[in-house]
Amino acid sequence: MIDTIRALPKAELHLHIEGTLEPDLVFALARRNGVQLPFADVAALSRAYNFSDLQSFLNLYYDCMAVLQHAADFEDLANAYLARAAADGVTHVEMFFDPQAHTSRGIPLAEVIAGLTAAITTAPTRHGVHVRLIACFLRDRPADEAMTTLEALSDHLDIVDGVGLDSAEVGHPPTKFKDVFAEAATLGLHRVAHAGEEGPPAYIWEALDVLGVERVDHGIRAVEDPALLRRLATDKVPLTVCPLSNVRLKCVATLKDHPLHQLLDAGVIATINSDDPAYFGGYLADNYLALHRELGTDLTTLQTLAQNSLDARFHPKGS
Ligand code: HPA
Ligand SMILES: [Zn+2]
């Protein structure tokens with residue numbers, strides 16, 4: 001089955017490049033950059049991958065980023081991910097990155113973008129993968145900081161063509177970023193937002209109605225609201241669902257409890273994605289395989305999910 005899954009052409013539309021930082025690369029980059037880590041070795045770090053919720057993951061996710069210092073680190077990180085994605089049959093990635101997680105540590109935005117750009121421009125020939133960037137604002141930081149970040153991003157619209165919203169969801173509703181997303185729309189940027197991962201269905205409505213998002217990241221709590229399911233289905237707003245992430249962050253108790261099939265039965269366009277694969281126990285094909293094994297998702301449905309991911313791209317021709 002894994003070979004059949006890998007052979008399906010697919011897009012990855014919900015992937016945080018910082019979430020592809022594997023423990024061995026954390027230690028290699030720490031050595032290269034002289035960064036002191038609070039973990040003795042790879043095994044000790046791996047043992048910390050036992051999360052109770054989104055925040056417990058975010059704490060480790062931000063800590064590990066300390067090793068990302070120079071453009072070459074971001075380039076190596078992206079190349080390592082793209083090699084794995086290509087092996088999984090990924091042909092197109094709309095890749096998230098978190099500018100403020102780096103600028104707040106004193107790493108210039110230009111350094112981050114230079115490294116990612118180096119990997120992205122060689123990706124079609126090196127990995128057979130087309131890549132675009134979506135810059136996510138950290139929703140637990142002030143909205144005016146997001147606006148300043150957007151201004152800085154406006155110098156890089158050749159490679160960044162969308163904005164998103166991530167980090168700690170509950171207590172930080174989409175409306176907080178109304179003005180930032182309005183400005184992003186004026187700049188011609190695509191708009192997405194994490195909503196309904198831990199937060200309530202009301203946050204998904206806000207993402208749609210206040211931020212004008214074209215896709216919803218996660219969105220699984222839409223199953224609690226029949227009117228919202230009808231809205232997503234009628235307006236054909238894709239959800240970027242991340243099954244292994246939802247289990248690891250305890251948004252669902254087990255994969256058997258995952259609402260994917262309810263979403264599909266309601267006519268919602270769902271796609272499958274790996275979110276932060278280094279932290280959540282699997283890359284894209286692992287997510288498809290886990291659905292098949294544990295949720296009973298049949299091959300026809302897996303094919304539909306893969307096709308949905310291609311249809312939900314912002315850049316259908318891979319440009
Ligand atoms: O799944 C996520 N949710 C919110 N913020 C994030 N930042 C990286 N991954 C995530
Ligand atoms: Zn995410």
# chains A, B, ... in the order shown; residues from 1 in each chain; ligands from 1
$ closest_atom_pairs --of "chain A" --to "ligand 2" --cutoff "10 Å" --atoms "only C-alpha atoms and all ligand atoms" --output "CSV"
residue,atom,partner,partner_atom_place_in_ligand_line,distance
A:Leu13,CA,ligand 2,1 (Zn),9.8
A:His14,CA,ligand 2,1 (Zn),6.1
A:Leu15,CA,ligand 2,1 (Zn),6.5
A:His16,CA,ligand 2,1 (Zn),6.3
A:Gly19,CA,ligand 2,1 (Zn),8.8
A:Leu54,CA,ligand 2,1 (Zn),9.9
A:Phe96,CA,ligand 2,1 (Zn),8.2
A:Cys136,CA,ligand 2,1 (Zn),9.6
A:Gly164,CA,ligand 2,1 (Zn),9.6
A:Leu165,CA,ligand 2,1 (Zn),8.9
A:Asp166,CA,ligand 2,1 (Zn),6.5
A:Ser167,CA,ligand 2,1 (Zn),7.9
A:Ala193,CA,ligand 2,1 (Zn),9.1
A:His194,CA,ligand 2,1 (Zn),6.6
A:Ala195,CA,ligand 2,1 (Zn),9.6
A:Glu197,CA,ligand 2,1 (Zn),8.8
A:Asp217,CA,ligand 2,1 (Zn),6.7
A:His218,CA,ligand 2,1 (Zn),7.3
A:Thr240,CA,ligand 2,1 (Zn),8.9
A:Val241,CA,ligand 2,1 (Zn),9.2
A:Cys242,CA,ligand 2,1 (Zn),7.9
A:Ser245,CA,ligand 2,1 (Zn),8.4
A:Asn246,CA,ligand 2,1 (Zn),10.0
A:Asn273,CA,ligand 2,1 (Zn),9.1
A:Ser274,CA,ligand 2,1 (Zn),8.5
A:Asp275,CA,ligand 2,1 (Zn),4.8
A:Asp276,CA,ligand 2,1 (Zn),6.9
$ write_last_selection --atoms "N, CA and C atoms" --output "compact mmCIF listing (two decimals), in the first residue's frame"
# COMPACT_ATOMS: atom_id res chain seq x y z
N LEU A 13 0.05 21.15 1.28
CA LEU A 13 -0.44 22.53 1.42
C LEU A 13 -0.42 23.02 2.86
N HIS A 14 0.01 22.15 3.78
CA HIS A 14 0.09 22.55 5.20
C HIS A 14 1.34 21.90 5.78
N LEU A 15 2.44 22.63 5.64
CA LEU A 15 3.74 22.10 6.03
C LEU A 15 4.57 23.26 6.54
N HIS A 16 4.90 23.21 7.82
CA HIS A 16 5.75 24.26 8.41
C HIS A 16 7.19 23.80 8.23
N GLY A 19 9.01 22.80 11.13
CA GLY A 19 8.52 21.56 11.74
C GLY A 19 9.08 20.31 11.06
N LEU A 54 -1.32 21.59 21.91
CA LEU A 54 -0.60 22.42 20.94
C LEU A 54 0.53 23.20 21.62
N PHE A 96 4.81 26.69 4.52
CA PHE A 96 4.73 27.72 5.56
C PHE A 96 6.11 27.98 6.16
N CYS A 136 3.56 32.79 7.72
CA CYS A 136 2.54 32.76 8.76
C CYS A 136 2.85 33.78 9.86
N GLY A 164 -0.45 33.36 6.23
CA GLY A 164 -1.25 32.46 7.07
C GLY A 164 -1.18 32.92 8.51
N LEU A 165 -1.80 32.14 9.38
CA LEU A 165 -1.89 32.48 10.80
C LEU A 165 -1.69 31.19 11.58
N ASP A 166 -0.67 31.17 12.47
CA ASP A 166 -0.44 29.94 13.23
C ASP A 166 -0.04 30.26 14.66
N SER A 167 0.48 29.27 15.38
CA SER A 167 0.84 29.33 16.80
C SER A 167 -0.42 29.19 17.68
N ALA A 193 -5.53 30.49 7.07
CA ALA A 193 -5.36 30.62 8.52
C ALA A 193 -5.62 29.27 9.19
N HIS A 194 -4.82 28.98 10.23
CA HIS A 194 -5.16 27.86 11.10
C HIS A 194 -6.43 28.26 11.86
N ALA A 195 -7.41 27.40 11.85
CA ALA A 195 -8.64 27.67 12.61
C ALA A 195 -9.35 26.36 12.86
N GLU A 197 -8.47 24.04 15.00
CA GLU A 197 -7.57 22.95 15.40
C GLU A 197 -7.88 22.66 16.87
N ASP A 217 -6.74 25.98 7.49
CA ASP A 217 -5.76 24.99 7.95
C ASP A 217 -6.30 24.28 9.20
N HIS A 218 -6.29 22.97 9.13
CA HIS A 218 -6.95 22.08 10.11
C HIS A 218 -8.47 22.14 9.89
N THR A 240 -7.06 21.95 5.01
CA THR A 240 -5.79 21.22 5.01
C THR A 240 -5.71 20.43 6.33
N VAL A 241 -6.12 19.18 6.25
CA VAL A 241 -6.24 18.32 7.43
C VAL A 241 -4.90 17.60 7.67
N CYS A 242 -4.55 17.45 8.94
CA CYS A 242 -3.25 16.88 9.31
C CYS A 242 -3.47 15.77 10.35
N SER A 245 -0.78 14.86 13.14
CA SER A 245 -0.66 16.02 14.01
C SER A 245 -1.81 16.05 15.01
N ASN A 246 -3.03 15.84 14.51
CA ASN A 246 -4.21 15.90 15.38
C ASN A 246 -4.15 14.86 16.50
N ASN A 273 -2.19 16.39 4.91
CA ASN A 273 -0.91 17.10 5.03
C ASN A 273 -0.18 16.63 6.28
N SER A 274 1.12 16.98 6.36
CA SER A 274 1.91 16.44 7.48
C SER A 274 2.22 17.46 8.58
N ASP A 275 1.95 18.76 8.34
CA ASP A 275 2.05 19.81 9.37
C ASP A 275 3.49 20.01 9.85
N ASP A 276 3.92 19.24 10.84
CA ASP A 276 5.29 19.33 11.39
C ASP A 276 5.84 17.90 11.48
$ residues_around --residues "A:Leu45" --least-positions-apart "4" --cutoff "12 Å" --atoms "only C-alpha atoms" --output "MDAnalysis selection string"
chainID A and resid 21:27 37:41 49:50 60:61 63:64 278:279
$ residues_around --residues "A:Gln100" --least-positions-apart "3" --cutoff "12 Å" --atoms "only C-alpha atoms" --output "PyMOL selection string"
chain A and resi 62+65+97+103-109+112+135-143+145-150+152-153+165-167
$ closest_residue --among "A:Ile269, A:Ala83, A:Ala110, A:Leu208" --to "A:Asn308" --atoms "only C-alpha atoms"
A:Ile269
$ closest_residue --among "A:Leu299, A:Ile220, A:Leu310, A:Leu228" --to "A:Leu260" --atoms "only C-alpha atoms"
A:Ile220
$ select_by_dssp --residues "stretch 9-167 of chain A" --states "strand (DSSP E)" --output "list in words"
Lys10, Ala11, Glu12, Val90, Thr91, His92, Val93, Glu94, Met95, Phe96, Phe97, His130, Val131, Arg132, Leu133, Ile134, Ala135, Cys136, Phe137, Leu138, Val160, Asp161, Gly162, Val163, Gly164, Leu165 and Asp166 of chain A
$ select_by_dssp --residues "stretch 4-84 of chain A" --states "helix (DSSP H, G or I)" --output "PyMOL selection string"
chain A and resi 4-7+17-20+23-33+42-47+54-67+71-84
$ residues_around --residues "A:Thr304" --least-positions-apart "5" --cutoff "12 Å" --atoms "only C-alpha atoms" --output "list in words"
Ile5, Leu8, Pro9, Lys10, Leu264, Val268, Ile269, Ala270, Thr271, Ile272, Tyr288, Thr297, Asp298, Leu299, Ser309, Leu310, Asp311 and Ala312 of chain A
$ residues_around --residues "stretch 171-179 of chain A" --least-positions-apart "2" --cutoff "7 Å" --atoms "only C-alpha atoms" --output "NGL selection string"
:A and (139-140 or 143 or 169 or 181-183 or 203 or 206-207 or 210-211)
$ write_last_selection --atoms "C-alpha atoms" --output "PDB file, in the first residue's frame"
ATOM      1  CA  ARG A 139      -1.220  34.848  16.446  1.00  0.00           C
ATOM      2  CA  ASP A 140      -0.050  34.944  20.072  1.00  0.00           C
ATOM      3  CA  ALA A 143      -1.235  42.404  15.537  1.00  0.00           C
ATOM      4  CA  GLU A 169      -4.947  29.415  18.743  1.00  0.00           C
ATOM      5  CA  PHE A 181      -5.169  40.358   6.270  1.00  0.00           C
ATOM      6  CA  ALA A 182      -6.945  43.274   4.570  1.00  0.00           C
ATOM      7  CA  GLU A 183      -3.529  44.764   3.779  1.00  0.00           C
ATOM      8  CA  TYR A 203     -12.879  30.913  14.712  1.00  0.00           C
ATOM      9  CA  GLU A 206     -14.172  34.465  11.444  1.00  0.00           C
ATOM     10  CA  ALA A 207     -11.352  33.204   9.249  1.00  0.00           C
ATOM     11  CA  VAL A 210     -13.353  38.529   8.546  1.00  0.00           C
ATOM     12  CA  LEU A 211     -10.010  37.438   7.053  1.00  0.00           C
TER      13      LEU A 211
END
$ atom_distance --atom1 "atom CA of A:Pro259" --atom2 "atom CA of A:Phe51"
20.7 Å
$ closest_residue --among "A:Thr301, A:Ala266, A:Val216, A:Ala285" --to "ligand 1" --atoms "only C-alpha atoms and all ligand atoms"
A:Val216
$ atom_distance --atom1 "atom CA of A:Val160" --atom2 "atom CA of A:Arg132"
6.6 Å
$ closest_residue --among "A:Leu302, A:Met1, A:Leu82, A:Ala11" --to "A:Leu116" --atoms "only C-alpha atoms"
A:Leu82
$ atom_distance --atom1 "atom CA of A:Met95" --atom2 "atom CA of A:Thr300"
26.6 Å
$ closest_residue --among "A:Pro243, A:Asp88, A:Val35, A:Asp265" --to "A:Pro226" --atoms "only C-alpha atoms"
A:Asp265
$ closest_residue --among "A:Ile159, A:Ala227, A:Leu263, A:Leu284" --to "A:Gly89" --atoms "only C-alpha atoms"
A:Leu284
